[in-house]
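Here's the structure, in structure tokens; my notes come after.
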Amino acid sequence: MVPAPSLPDPTGPLLEEILVPLLQDYAESFDRGLLLLEHCPEAVMAAGDQANLRERLDEACRSLAAARSLRAAAPKPMGLAMETITPWHRLVVEVWSLSARLRAIGIRP
């Protein structure tokens, strides 16, 4: 009996089409958050909270870079676990919130 030829995995291109821009969006949001923190007065966010958010954004940037490197080194397309992406999403929401608070007092970096 002759084995059937293996077909290419159709999810690979779709995964790349969705995940690559998503990872870029996370990177841009994290960078935006760091920029916002540079212009954030303590009246909007206490210094300790700013330091905490900055630390979490820096860690997320490092994690994102590691995930991108691992994906690039993988022999075939791979996704990321929700346990990896969920904290990133929460950070993006925090950045949006900080941006809104800064806009409300007239700061638009």
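By order of appearance in the structure tokens: chains A, B, ..., then residues from 1 within every chain, and ligands from 1 in the order shown.
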With 10 Å as the cut-off and only C-alpha atoms counted, what is the closest atom pair between each nearby residue of stretch 14-78 of chain A and stretch 94-100 of chain A? Distances in Å to one decimal, ordered by chain and number, as a Markdown table.
| residue | atom | partner | partner_atom | distance |
| --- | --- | --- | --- | --- |
| A:Ser29 | CA | A:Val95 | CA | 7.1 |
| A:Phe30 | CA | A:Val95 | CA | 7.6 |
| A:Asp31 | CA | A:Val95 | CA | 9.7 |
| A:Arg32 | CA | A:Val95 | CA | 7.5 |
| A:Gly33 | CA | A:Val95 | CA | 5.2 |
| A:Leu34 | CA | A:Val95 | CA | 8.8 |
| A:Leu36 | CA | A:Ser99 | CA | 6.9 |
| A:Leu37 | CA | A:Leu98 | CA | 8.5 |
| A:Cys40 | CA | A:Leu98 | CA | 8.6 |
| A:Val44 | CA | A:Leu98 | CA | 8.2 |
| A:Met45 | CA | A:Leu98 | CA | 8.3 |
| A:Leu53 | CA | A:Glu94 | CA | 8.6 |
| A:Leu57 | CA | A:Val95 | CA | 9.5 |
Residues at most 9 Å from stretch 11-24 of chain A, counting only C-alpha atoms, excluding those fewer than 2 positions away in the same chain, as a ChimeraX atom specification?
/A:8-9,26-29,64,68,76-80
If you run DSSP on this backbone, which residues of stretch 1-108 of chain A come out as alpha helix (DSSP H), and could you give them as a PyMOL selection string?
chain A and resi 11-38+47-73+82-104
